[in-house]
Amino acid sequence: MSSPQEQEKLSFNVSGIISKSVTQDYDAVADPVQLSSYFTTGGAQGRLETGNTVTWDFHDFPGAFPVQVIETEYPRKIVVQWGADKGTAEGNLTTVTFEFTSMDDGTRTKVVITEAGWEASPEGIKAAFGNCEGWTGMLAAMKAWLEYGINLRDGFYK
């Protein structure tokens with residue numbers, strides 16, 4: 001019999017406010033060309049639409065990652081699942097939810113990213129913290145790119 005801690009799944013969320021409309025922020029995540037401009041440094045293939053499987057590639061973590069699009073609600077929410085090497089439940093998948101909330105008469109957007117599915121184990125904790133760092137960096141890179149045209153990831157990891 002497993003303990004309650006062993007059955008618990010870890011999750012986290014990160015958030016930030018970007019001075020662009022909710023549709024601009026949503027499209028910056030859903031559109032592979034835009035996503036490749038500031039986050040998926042090796043390129044993204046396929047638009048994030050319900051039922052699609054797309055790929056994300058990162059120069060700092062070579063090899064394209066398959067990303068399954070579980071749900072989209074334009075321009076409010078995107079839910080995807082993707083693989084994790086260690087520390088997840090069966091199937092080695094985590095679920096990532098992007099939520100976009102319009103603010104200040106549509107001039108700014110609060111973006112919340114939640115990732116869930118790690119086991120409450122040393123491997124799961126380490127993997128969750130690593131991805132939390134990654135999504136925080138993604139939000140900062142998204143803000144810099146959308147508001148100022150700067151790619152923060154260029155040369156940042158290698």
# chains A, B, ... in the order shown; residues from 1 in each chain; ligands from 1
$ closest_atom_pairs --of "range 5-86 of chain A" --to "range 97-100 of chain A" --cutoff "6 Å" --atoms "only C-alpha atoms" --output "JSON lines"
{"residue": "A:Arg76", "atom": "CA", "partner": "A:Phe100", "partner_atom": "CA", "distance": 4.8}
{"residue": "A:Lys77", "atom": "CA", "partner": "A:Glu99", "partner_atom": "CA", "distance": 4.6}
{"residue": "A:Ile78", "atom": "CA", "partner": "A:Phe98", "partner_atom": "CA", "distance": 5.1}
{"residue": "A:Val79", "atom": "CA", "partner": "A:Thr97", "partner_atom": "CA", "distance": 4.4}
$ write_last_selection --atoms "C-alpha atoms" --output "CSV table (one decimal), in the first residue's frame"
chain,number,residue,atom,x,y,z
A,76,ARG,CA,-8.3,32.0,-23.4
A,77,LYS,CA,-6.6,28.6,-22.9
A,78,ILE,CA,-4.3,26.0,-24.4
A,79,VAL,CA,-3.8,22.6,-22.8
$ residues_around --residues "range 42-58 of chain A" --least-positions-apart "4" --cutoff "9 Å" --atoms "only C-alpha atoms" --output "ChimeraX atom specification"
/A:29-37,62-73,78-80
$ select_by_dssp --residues "range 13-144 of chain A" --states "helix (DSSP H, G or I)" --output "MDAnalysis selection string"
chainID A and resid 22:30 32:38 90:92 104:106 122:144
$ atom_distance --atom1 "CA of Trp118 in chain A" --atom2 "CA of Thr136 in chain A"
17.7 Å
$ residues_around --residues "range 126-134 of chain A" --least-positions-apart "3" --cutoff "12 Å" --atoms "only C-alpha atoms" --output "PyMOL selection string"
chain A and resi 9-15+39-40+58+60-61+82-88+92-96+112-123+137-141+153+157
$ atom_distance --atom1 "CA of Ile18 in chain A" --atom2 "CA of Asp154 in chain A"
20.0 Å
$ atom_distance --atom1 "CA of Met142 in chain A" --atom2 "CA of Lys110 in chain A"
12.2 Å
$ residues_around --residues "Met103 in chain A" --least-positions-apart "6" --cutoff "10 Å" --atoms "only C-alpha atoms" --output "MDAnalysis selection string"
chainID A and resid 17:22 109:110
$ write_last_selection --atoms "N, CA and C atoms" --output "mmCIF file, in the first residue's frame"
data_model
loop_
_atom_site.group_PDB
_atom_site.id
_atom_site.type_symbol
_atom_site.label_atom_id
_atom_site.label_comp_id
_atom_site.auth_asym_id
_atom_site.auth_seq_id
_atom_site.Cartn_x
_atom_site.Cartn_y
_atom_site.Cartn_z
ATOM 1 N N ILE A 17 2.657 39.325 -16.593
ATOM 2 C CA ILE A 17 1.772 40.227 -17.324
ATOM 3 C C ILE A 17 2.541 40.791 -18.509
ATOM 4 N N ILE A 18 1.922 40.688 -19.673
ATOM 5 C CA ILE A 18 2.539 41.144 -20.920
ATOM 6 C C ILE A 18 1.675 42.255 -21.498
ATOM 7 N N SER A 19 2.301 43.330 -21.901
ATOM 8 C CA SER A 19 1.586 44.503 -22.401
ATOM 9 C C SER A 19 1.209 44.355 -23.873
ATOM 10 N N LYS A 20 0.423 43.333 -24.136
ATOM 11 C CA LYS A 20 -0.155 43.074 -25.459
ATOM 12 C C LYS A 20 -1.550 42.517 -25.239
ATOM 13 N N SER A 21 -2.356 42.502 -26.292
ATOM 14 C CA SER A 21 -3.722 42.000 -26.174
ATOM 15 C C SER A 21 -3.732 40.494 -25.950
ATOM 16 N N VAL A 22 -4.838 39.995 -25.444
ATOM 17 C CA VAL A 22 -4.965 38.568 -25.166
ATOM 18 C C VAL A 22 -4.791 37.746 -26.448
ATOM 19 N N THR A 109 -2.190 41.483 -20.748
ATOM 20 C CA THR A 109 -2.697 40.127 -20.543
ATOM 21 C C THR A 109 -1.922 39.448 -19.425
ATOM 22 N N LYS A 110 -2.648 38.824 -18.515
ATOM 23 C CA LYS A 110 -2.001 37.968 -17.520
ATOM 24 C C LYS A 110 -1.916 36.577 -18.119
#
$ select_by_dssp --residues "range 6-124 of chain A" --states "strand (DSSP E or B)" --output "mmCIF file with C-alpha atoms, in the first residue's frame"
data_model
loop_
_atom_site.group_PDB
_atom_site.id
_atom_site.type_symbol
_atom_site.label_atom_id
_atom_site.label_comp_id
_atom_site.auth_asym_id
_atom_site.auth_seq_id
_atom_site.Cartn_x
_atom_site.Cartn_y
_atom_site.Cartn_z
ATOM 1 C CA LYS A 9 1.068 14.548 -7.963
ATOM 2 C CA LEU A 10 3.149 17.697 -7.955
ATOM 3 C CA SER A 11 2.236 20.789 -9.933
ATOM 4 C CA PHE A 12 3.288 24.422 -10.133
ATOM 5 C CA ASN A 13 2.229 27.587 -11.852
ATOM 6 C CA VAL A 14 4.100 30.657 -13.007
ATOM 7 C CA SER A 15 2.596 33.884 -14.255
ATOM 8 C CA GLY A 16 3.427 37.228 -15.743
ATOM 9 C CA ILE A 17 1.772 40.227 -17.324
ATOM 10 C CA ILE A 18 2.539 41.144 -20.920
ATOM 11 C CA GLY A 43 11.940 25.419 -34.149
ATOM 12 C CA ALA A 44 8.320 24.506 -33.592
ATOM 13 C CA GLN A 45 6.285 22.573 -36.137
ATOM 14 C CA THR A 53 0.456 16.621 -32.253
ATOM 15 C CA VAL A 54 3.193 19.173 -32.895
ATOM 16 C CA THR A 55 6.926 19.218 -32.223
ATOM 17 C CA TRP A 56 9.074 21.614 -30.246
ATOM 18 C CA ASP A 57 12.861 21.578 -30.622
ATOM 19 C CA PHE A 58 15.372 23.424 -28.442
ATOM 20 C CA PHE A 61 18.007 20.238 -25.373
ATOM 21 C CA PRO A 62 18.484 18.753 -28.873
ATOM 22 C CA GLY A 63 15.840 16.538 -30.361
ATOM 23 C CA ALA A 64 12.275 17.462 -31.204
ATOM 24 C CA PHE A 65 9.731 16.882 -28.424
ATOM 25 C CA PRO A 66 6.248 15.710 -29.452
ATOM 26 C CA VAL A 67 3.535 17.863 -27.890
ATOM 27 C CA GLN A 68 -0.075 16.637 -27.866
ATOM 28 C CA VAL A 69 -2.681 19.397 -27.939
ATOM 29 C CA ILE A 70 -5.481 18.327 -25.603
ATOM 30 C CA GLU A 71 -7.665 21.444 -25.645
ATOM 31 C CA THR A 72 -7.731 24.954 -27.057
ATOM 32 C CA GLU A 73 -10.175 27.740 -26.306
ATOM 33 C CA LYS A 77 -6.650 28.609 -22.895
ATOM 34 C CA ILE A 78 -4.306 26.004 -24.372
ATOM 35 C CA VAL A 79 -3.766 22.576 -22.754
ATOM 36 C CA VAL A 80 -0.969 20.289 -23.957
ATOM 37 C CA GLN A 81 0.750 17.130 -22.797
ATOM 38 C CA TRP A 82 4.377 16.307 -23.359
ATOM 39 C CA GLY A 83 6.920 13.804 -22.190
ATOM 40 C CA THR A 88 6.118 11.382 -13.723
ATOM 41 C CA LEU A 93 3.542 12.785 -19.540
ATOM 42 C CA THR A 94 2.888 16.076 -17.831
ATOM 43 C CA THR A 95 0.009 18.412 -18.591
ATOM 44 C CA VAL A 96 0.729 22.073 -19.315
ATOM 45 C CA THR A 97 -2.076 24.638 -19.247
ATOM 46 C CA PHE A 98 -1.649 28.160 -20.606
ATOM 47 C CA GLU A 99 -4.332 30.613 -19.465
ATOM 48 C CA PHE A 100 -4.690 34.114 -20.910
ATOM 49 C CA THR A 101 -6.708 36.801 -19.100
ATOM 50 C CA SER A 102 -7.282 40.220 -20.636
ATOM 51 C CA MET A 103 -6.544 43.194 -18.357
ATOM 52 C CA ARG A 108 -2.332 43.845 -21.151
ATOM 53 C CA THR A 109 -2.697 40.127 -20.543
ATOM 54 C CA LYS A 110 -2.001 37.968 -17.520
ATOM 55 C CA VAL A 111 -0.472 34.690 -18.677
ATOM 56 C CA VAL A 112 -0.539 31.750 -16.246
ATOM 57 C CA ILE A 113 1.303 28.511 -17.043
ATOM 58 C CA THR A 114 0.524 25.453 -14.910
ATOM 59 C CA GLU A 115 2.326 22.130 -15.286
ATOM 60 C CA ALA A 116 1.193 19.023 -13.427
ATOM 61 C CA GLY A 117 1.893 15.321 -13.259
ATOM 62 C CA TRP A 118 5.126 14.680 -11.382
ATOM 63 C CA GLU A 119 5.343 12.117 -8.634
#
